[in-house]
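Okay, so here's the structure we're looking at.
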Amino acid sequence: MRKNLLIIIGVLCASAVFANGPFEKAMGKNIPAMFTAETPEALQNVINQLNRIGEAEGDRWEPYYYAAFGYIRLSDMHEDKDKYMDLALETIAKADLIKPEDSELEALRGYVHMMRIVVDPATRGMKYSGMAFASFQKAVALDPENPRAHYLLGRMQFGTAQFMGNGDGGACETLARAKELFASEKPESPIAPSWGNKTNEEAIAYICKKEESE
């Protein structure tokens with residue numbers, strides 16, 4: 001879990017290109033710092049900065065998006081993972097008020113649900129898998145061209161299928177669609193989410209080649 005999360009974080013950090021305005025400069029400083037912070041204290045500090053940027057701007061959803069992503073990271077550094085997953089959802093809810101019914105935010109909400117399953121698949125799988133699937137499917141419906149929604153849905157399909165002992169659950173088809181969308185993606189702004197291409201390729205290489213060999 002930690003390895004996959006850090007890979008995603010690295011891709012997101014590396015793919016961000018920032019403009020020169022005050023808001024973009026502030027985001028350009030804090031987004032990379034949040035994705036590369038190696039201690040809970042350092043990460044919490046950057047999350048606080050992102051939340052302050054969101055409060056100061058008032059009409060920008062991106063600081064809350066990245067702060068929520070930071071809480072997902074922070075949950076991986078603490079035993080009380082649910083505490084930080086709860087904070088991630090609360091932060092996504094703040095972004096929802098600014099940009100309701102957004103595919104990126106709904107996909108991130110689904111990601112939180114998916115990460116909750118990892119804590120204890122046997123007891124949490126039924127509840128949170130349904131919630132994760134619902135969010136990913138809604139994210140796809142809100143924006144069929146969002147590659148991250150397809151990528152995360154594909155990972156969820158595979159994880160569920162493996163738990164049930166039932167092939168890839170349609171993951172290869174979903175990840176292939178994500179690959180097409182990543183190839184043509186044009187982020188709506190320099191700080192809009194643009195991560196996932198590399199990890200999608202790695203998922204295809206692992207999941208789909210594995211399926212072909214069986």
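Residues in the structure tokens are named by chain (A, B, ... in the order shown) and by number from 1 within that chain; ligands are numbered from 1 in the order shown.
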Surrounding residues of range 20-25 of chain A excluding itself and chain neighbours under 2 positions, 9 Å, only C-alpha atoms, as a ChimeraX atom specification: /A:18,27-30,53,57,190-191
field: A:Ile204, A:Ala67, A:Val119, A:Ala178 ranked by distance to Leu105 in chain A, top pick (using only C-alpha atoms)
entry: A:Ala67
- request: Please identify all polymer residues within 9 Å of Glu185 in chain A, counting only C-alpha atoms, omitting same-chain residues fewer than 6 positions from it, and present them as a ChimeraX atom specification.
  value: /A:145-147,194
- request: Write down as a PyMOL selection string the residues belonging to range 69-165 of chain A that are assigned helix (DSSP H, G or I) by DSSP computed on the backbone.
  value: chain A and resi 69-75+81-98+103-119+121-142+147-164
Nearby residues (only C-alpha atoms) at most 8 Å from range 69-85 of chain A, same-chain spacing under 3 positions excluded, as a CSV table (one decimal) with all heavy atoms, in the first residue's frame:
chain,number,residue,atom,x,y,z
A,2,ARG,N,1.9,1.3,0.9
A,2,ARG,CA,2.7,2.5,1.0
A,2,ARG,C,3.5,2.7,-0.3
A,2,ARG,O,3.6,3.9,-0.7
A,2,ARG,CB,3.6,2.3,2.2
A,2,ARG,CG,4.5,3.6,2.5
A,2,ARG,CD,5.3,3.4,3.7
A,2,ARG,NE,6.1,4.6,4.0
A,2,ARG,CZ,5.6,5.6,4.7
A,2,ARG,NH1,4.4,5.6,5.1
A,2,ARG,NH2,6.4,6.7,4.9
A,5,LEU,N,1.2,4.1,-3.0
A,5,LEU,CA,0.8,5.5,-2.7
A,5,LEU,C,2.0,6.5,-3.0
A,5,LEU,O,1.8,7.5,-3.6
A,5,LEU,CB,0.4,5.6,-1.2
A,5,LEU,CG,0.0,7.0,-0.7
A,5,LEU,CD1,-1.2,7.5,-1.5
A,5,LEU,CD2,-0.4,7.0,0.8
A,34,MET,N,4.4,19.0,0.0
A,34,MET,CA,3.5,18.1,0.6
A,34,MET,C,3.7,16.7,0.1
A,34,MET,O,3.7,15.7,0.9
A,34,MET,CB,2.0,18.5,0.4
A,34,MET,CG,1.0,17.7,1.1
A,34,MET,SD,0.4,16.3,0.2
A,34,MET,CE,-0.6,17.1,-1.0
A,35,PHE,N,4.0,16.5,-1.2
A,35,PHE,CA,4.2,15.2,-1.7
A,35,PHE,C,5.6,14.6,-1.4
A,35,PHE,O,5.8,13.4,-1.6
A,35,PHE,CB,4.0,15.2,-3.3
A,35,PHE,CG,2.6,15.5,-3.7
A,35,PHE,CD1,2.3,16.4,-4.6
A,35,PHE,CD2,1.6,14.7,-3.1
A,35,PHE,CE1,1.0,16.7,-5.0
A,35,PHE,CE2,0.3,14.9,-3.5
A,35,PHE,CZ,0.0,15.9,-4.4
A,39,THR,N,8.2,13.1,7.1
A,39,THR,CA,7.7,12.9,8.4
A,39,THR,C,6.3,13.4,8.6
A,39,THR,O,5.9,14.3,7.9
A,39,THR,CB,8.7,13.7,9.4
A,39,THR,OG1,8.5,15.1,9.2
A,39,THR,CG2,10.1,13.3,9.2
A,40,PRO,N,5.6,12.9,9.6
A,40,PRO,CA,4.2,13.4,9.9
A,40,PRO,C,4.2,14.8,10.2
A,40,PRO,O,3.3,15.6,9.8
A,40,PRO,CB,3.8,12.5,11.1
A,40,PRO,CG,4.6,11.3,11.0
A,40,PRO,CD,6.0,11.7,10.5
A,43,LEU,N,4.7,16.9,7.0
A,43,LEU,CA,3.5,16.8,6.1
A,43,LEU,C,2.3,17.6,6.7
A,43,LEU,O,1.6,18.3,6.0
A,43,LEU,CB,3.2,15.3,6.0
A,43,LEU,CG,2.0,15.0,5.1
A,43,LEU,CD1,2.1,15.6,3.7
A,43,LEU,CD2,1.8,13.5,4.9
A,44,GLN,N,2.1,17.5,8.0
A,44,GLN,CA,1.0,18.2,8.6
A,44,GLN,C,1.2,19.7,8.5
A,44,GLN,O,0.2,20.4,8.2
A,44,GLN,CB,1.0,17.9,10.1
A,44,GLN,CG,-0.2,18.5,10.8
A,44,GLN,CD,-1.6,18.0,10.4
A,44,GLN,OE1,-1.9,16.9,10.6
A,44,GLN,NE2,-2.3,18.9,9.7
A,47,ILE,N,0.1,20.6,4.9
A,47,ILE,CA,-1.3,20.5,4.8
A,47,ILE,C,-2.0,21.7,5.5
A,47,ILE,O,-2.9,22.3,4.9
A,47,ILE,CB,-1.8,19.2,5.5
A,47,ILE,CG1,-1.4,18.0,4.7
A,47,ILE,CG2,-3.3,19.2,5.6
A,47,ILE,CD1,-1.6,16.7,5.5
A,65,TYR,N,-8.2,20.0,-2.4
A,65,TYR,CA,-7.9,18.8,-3.1
A,65,TYR,C,-6.6,18.2,-2.7
A,65,TYR,O,-6.4,17.0,-2.2
A,65,TYR,CB,-7.9,19.0,-4.6
A,65,TYR,CG,-7.6,17.7,-5.4
A,65,TYR,CD1,-8.6,16.8,-5.8
A,65,TYR,CD2,-6.2,17.4,-5.7
A,65,TYR,CE1,-8.2,15.7,-6.6
A,65,TYR,CE2,-5.9,16.3,-6.5
A,65,TYR,CZ,-6.9,15.4,-6.9
A,65,TYR,OH,-6.6,14.3,-7.6
A,66,TYR,N,-5.5,19.0,-2.7
A,66,TYR,CA,-4.2,18.6,-2.4
A,66,TYR,C,-4.0,18.4,-0.9
A,66,TYR,O,-3.3,17.5,-0.5
A,66,TYR,CB,-3.1,19.5,-2.9
A,66,TYR,CG,-3.1,19.5,-4.4
A,66,TYR,CD1,-3.5,20.6,-5.2
A,66,TYR,CD2,-2.6,18.4,-5.1
A,66,TYR,CE1,-3.4,20.6,-6.6
A,66,TYR,CE2,-2.5,18.4,-6.5
A,66,TYR,CZ,-3.0,19.5,-7.2
A,66,TYR,OH,-2.9,19.4,-8.6
A,88,ALA,N,-9.6,13.8,5.5
A,88,ALA,CA,-9.5,13.9,4.1
A,88,ALA,C,-10.9,14.1,3.5
A,88,ALA,O,-11.2,15.0,2.6
A,88,ALA,CB,-8.9,12.6,3.5
A,89,LEU,N,-11.9,13.4,4.0
A,89,LEU,CA,-13.3,13.5,3.6
A,89,LEU,C,-13.8,14.9,3.9
A,89,LEU,O,-14.6,15.5,3.1
A,89,LEU,CB,-14.2,12.4,4.1
A,89,LEU,CG,-13.9,11.0,3.6
A,89,LEU,CD1,-14.8,10.0,4.3
A,89,LEU,CD2,-14.1,11.0,2.1
A,108,LEU,N,-11.3,11.3,-5.8
A,108,LEU,CA,-10.5,11.3,-4.6
A,108,LEU,C,-11.3,10.8,-3.4
A,108,LEU,O,-10.7,10.1,-2.6
A,108,LEU,CB,-10.0,12.8,-4.4
A,108,LEU,CG,-8.9,12.9,-3.3
A,108,LEU,CD1,-7.6,12.2,-3.8
A,108,LEU,CD2,-8.6,14.4,-3.0
A,112,VAL,N,-10.3,7.6,-1.0
A,112,VAL,CA,-10.3,7.4,0.5
A,112,VAL,C,-11.0,6.2,0.9
A,112,VAL,O,-10.6,5.4,1.8
A,112,VAL,CB,-11.0,8.7,1.1
A,112,VAL,CG1,-11.1,8.5,2.6
A,112,VAL,CG2,-10.2,10.0,0.8
A,116,ARG,N,-9.5,2.8,2.9
A,116,ARG,CA,-10.1,2.3,4.2
A,116,ARG,C,-10.1,0.8,4.2
A,116,ARG,O,-10.0,0.1,5.2
A,116,ARG,CB,-11.4,2.9,4.4
A,116,ARG,CG,-11.5,4.3,4.9
A,116,ARG,CD,-12.8,4.6,5.5
A,116,ARG,NE,-13.2,6.0,5.6
A,116,ARG,CZ,-12.9,6.7,6.7
A,116,ARG,NH1,-12.3,6.2,7.8
A,116,ARG,NH2,-13.3,8.0,6.8
A,119,VAL,N,-7.1,-1.3,5.4
A,119,VAL,CA,-6.9,-1.4,6.9
A,119,VAL,C,-7.3,-2.8,7.4
A,119,VAL,O,-6.6,-3.4,8.2
A,119,VAL,CB,-7.7,-0.3,7.6
A,119,VAL,CG1,-7.5,-0.5,9.2
A,119,VAL,CG2,-7.2,1.1,7.2
- prompt: Out of A:Gly58, A:Asn197, A:Lys99, A:Ile207, which residue has the shortest atom-to-atom distance to Gly169 in chain A when counting only C-alpha atoms?
  reply: A:Ile207
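Residues with any atom within 7 Å of range 129-139 of chain A, counting only C-alpha atoms and excluding same-chain neighbours fewer than 2 positions away, are Ser103, Glu104, Glu106, Ala107, Arg109, Gly110, Tyr111, His113, Met114, Gly125, Met126, Lys127, Ala141, Leu142, Asp143, Ala149 and Leu153 of chain A.
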task: Tell me, as a PyMOL selection string, which residues lie within 12 Å of Glu55 in chain A, counting only C-alpha atoms; anything in the same chain fewer than 5 positions away does not count.
output: chain A and resi 48-50+60-64+67+91+94-95+98
Create the file for the chosen residues now, containing all heavy atoms and written as an mmCIF file, in the first residue's frame.
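Just written: result-v7.cif:
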data_model
loop_
_atom_site.group_PDB
_atom_site.id
_atom_site.type_symbol
_atom_site.label_atom_id
_atom_site.label_comp_id
_atom_site.auth_asym_id
_atom_site.auth_seq_id
_atom_site.Cartn_x
_atom_site.Cartn_y
_atom_site.Cartn_z
ATOM 1 N N ASN A 48 -1.422 22.145 6.594
ATOM 2 C CA ASN A 48 -1.944 23.357 7.232
ATOM 3 C C ASN A 48 -1.800 24.566 6.314
ATOM 4 O O ASN A 48 -2.710 25.407 6.225
ATOM 5 C CB ASN A 48 -1.215 23.610 8.548
ATOM 6 C CG ASN A 48 -1.517 22.564 9.605
ATOM 7 O OD1 ASN A 48 -2.487 21.818 9.492
ATOM 8 N ND2 ASN A 48 -0.688 22.505 10.631
ATOM 9 N N GLN A 49 -0.670 24.645 5.635
ATOM 10 C CA GLN A 49 -0.444 25.742 4.699
ATOM 11 C C GLN A 49 -1.463 25.701 3.560
ATOM 12 O O GLN A 49 -2.033 26.728 3.177
ATOM 13 C CB GLN A 49 0.978 25.670 4.137
ATOM 14 C CG GLN A 49 2.091 25.933 5.129
ATOM 15 C CD GLN A 49 2.184 27.403 5.522
ATOM 16 O OE1 GLN A 49 1.737 28.286 4.803
ATOM 17 N NE2 GLN A 49 2.759 27.665 6.688
ATOM 18 N N LEU A 50 -1.706 24.519 3.033
ATOM 19 C CA LEU A 50 -2.666 24.379 1.939
ATOM 20 C C LEU A 50 -4.070 24.751 2.391
ATOM 21 O O LEU A 50 -4.814 25.417 1.661
ATOM 22 C CB LEU A 50 -2.635 22.949 1.391
ATOM 23 C CG LEU A 50 -1.412 22.603 0.542
ATOM 24 C CD1 LEU A 50 -1.270 21.095 0.402
ATOM 25 C CD2 LEU A 50 -1.496 23.263 -0.830
ATOM 26 N N ARG A 60 -11.215 28.785 -4.510
ATOM 27 C CA ARG A 60 -10.368 27.821 -5.219
ATOM 28 C C ARG A 60 -10.449 26.471 -4.526
ATOM 29 O O ARG A 60 -10.226 26.355 -3.324
ATOM 30 C CB ARG A 60 -8.908 28.296 -5.261
ATOM 31 C CG ARG A 60 -8.689 29.614 -5.981
ATOM 32 C CD ARG A 60 -9.115 29.569 -7.438
ATOM 33 N NE ARG A 60 -8.377 28.612 -8.220
ATOM 34 C CZ ARG A 60 -7.433 28.955 -9.107
ATOM 35 N NH1 ARG A 60 -7.094 30.225 -9.296
ATOM 36 N NH2 ARG A 60 -6.818 28.020 -9.825
ATOM 37 N N TRP A 61 -10.755 25.455 -5.313
ATOM 38 C CA TRP A 61 -10.916 24.115 -4.774
ATOM 39 C C TRP A 61 -9.603 23.354 -4.684
ATOM 40 O O TRP A 61 -9.467 22.416 -3.902
ATOM 41 C CB TRP A 61 -11.887 23.313 -5.639
ATOM 42 C CG TRP A 61 -11.424 23.123 -7.058
ATOM 43 C CD1 TRP A 61 -11.558 23.999 -8.096
ATOM 44 C CD2 TRP A 61 -10.742 21.985 -7.595
ATOM 45 N NE1 TRP A 61 -11.007 23.486 -9.244
ATOM 46 C CE2 TRP A 61 -10.506 22.245 -8.965
ATOM 47 C CE3 TRP A 61 -10.326 20.774 -7.054
ATOM 48 C CZ2 TRP A 61 -9.846 21.335 -9.808
ATOM 49 C CZ3 TRP A 61 -9.677 19.853 -7.880
ATOM 50 C CH2 TRP A 61 -9.450 20.154 -9.249
ATOM 51 N N GLU A 62 -8.608 23.762 -5.476
ATOM 52 C CA GLU A 62 -7.377 22.980 -5.578
ATOM 53 C C GLU A 62 -6.622 22.837 -4.255
ATOM 54 O O GLU A 62 -6.097 21.731 -3.972
ATOM 55 C CB GLU A 62 -6.450 23.576 -6.646
ATOM 56 C CG GLU A 62 -7.001 23.552 -8.051
ATOM 57 C CD GLU A 62 -7.686 24.860 -8.437
ATOM 58 O OE1 GLU A 62 -8.097 25.606 -7.506
ATOM 59 O OE2 GLU A 62 -7.814 25.134 -9.635
ATOM 60 N N PRO A 63 -6.517 23.897 -3.419
ATOM 61 C CA PRO A 63 -5.799 23.698 -2.152
ATOM 62 C C PRO A 63 -6.404 22.594 -1.294
ATOM 63 O O PRO A 63 -5.677 21.813 -0.662
ATOM 64 C CB PRO A 63 -5.916 25.070 -1.465
ATOM 65 C CG PRO A 63 -6.116 26.037 -2.581
ATOM 66 C CD PRO A 63 -6.940 25.293 -3.595
ATOM 67 N N TYR A 64 -7.727 22.517 -1.291
ATOM 68 C CA TYR A 64 -8.386 21.480 -0.499
ATOM 69 C C TYR A 64 -8.190 20.090 -1.111
ATOM 70 O O TYR A 64 -8.070 19.094 -0.390
ATOM 71 C CB TYR A 64 -9.867 21.805 -0.347
ATOM 72 C CG TYR A 64 -10.136 23.059 0.444
ATOM 73 C CD1 TYR A 64 -10.866 24.110 -0.096
ATOM 74 C CD2 TYR A 64 -9.643 23.198 1.740
ATOM 75 C CE1 TYR A 64 -11.103 25.268 0.635
ATOM 76 C CE2 TYR A 64 -9.871 24.353 2.477
ATOM 77 C CZ TYR A 64 -10.604 25.390 1.916
ATOM 78 O OH TYR A 64 -10.829 26.529 2.642
ATOM 79 N N ALA A 67 -4.703 19.168 -0.094
ATOM 80 C CA ALA A 67 -4.672 18.940 1.355
ATOM 81 C C ALA A 67 -5.306 17.593 1.695
ATOM 82 O O ALA A 67 -4.800 16.855 2.546
ATOM 83 C CB ALA A 67 -5.386 20.073 2.086
ATOM 84 N N THR A 91 -12.163 17.598 4.197
ATOM 85 C CA THR A 91 -11.507 18.575 3.329
ATOM 86 C C THR A 91 -12.067 18.516 1.913
ATOM 87 O O THR A 91 -12.247 19.554 1.258
ATOM 88 C CB THR A 91 -9.986 18.337 3.325
ATOM 89 O OG1 THR A 91 -9.515 18.277 4.678
ATOM 90 C CG2 THR A 91 -9.256 19.452 2.608
ATOM 91 N N LYS A 94 -15.162 20.506 1.768
ATOM 92 C CA LYS A 94 -14.939 21.942 1.603
ATOM 93 C C LYS A 94 -14.766 22.287 0.125
ATOM 94 O O LYS A 94 -15.285 23.304 -0.356
ATOM 95 C CB LYS A 94 -13.705 22.384 2.386
ATOM 96 C CG LYS A 94 -13.855 22.315 3.893
ATOM 97 C CD LYS A 94 -12.582 22.785 4.582
ATOM 98 C CE LYS A 94 -12.700 22.703 6.096
ATOM 99 N NZ LYS A 94 -11.458 23.147 6.771
ATOM 100 N N ALA A 95 -14.033 21.456 -0.574
ATOM 101 C CA ALA A 95 -13.838 21.689 -2.008
ATOM 102 C C ALA A 95 -15.148 21.523 -2.761
ATOM 103 O O ALA A 95 -15.405 22.239 -3.741
ATOM 104 C CB ALA A 95 -12.784 20.727 -2.545
ATOM 105 N N ILE A 98 -17.162 24.573 -3.239
ATOM 106 C CA ILE A 98 -16.651 25.494 -4.243
ATOM 107 C C ILE A 98 -16.884 24.962 -5.650
ATOM 108 O O ILE A 98 -17.248 25.709 -6.563
ATOM 109 C CB ILE A 98 -15.143 25.735 -4.017
ATOM 110 C CG1 ILE A 98 -14.928 26.362 -2.633
ATOM 111 C CG2 ILE A 98 -14.547 26.610 -5.110
ATOM 112 C CD1 ILE A 98 -13.483 26.374 -2.181
#
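Pairwise distance (CA of Gln162 in chain A, CA of Ala122 in chain A) equals 12.8 Å.
The residue that comes closest to Ile92 in chain A, out of A:Pro187, A:Leu152, A:Gly54, A:Tyr128 and on the basis of only C-alpha atoms, is A:Gly54.
Checking A:Met164, A:Leu97, A:Ala171, A:Val140 one by one against Pro121 in chain A, counting only C-alpha atoms, you find the shortest gap at A:Met164.
Nearest residue to Glu180 in chain A, choosing from A:Ala192, A:Ala42, A:Tyr151, A:Phe158 and counting only C-alpha atoms: A:Tyr151.
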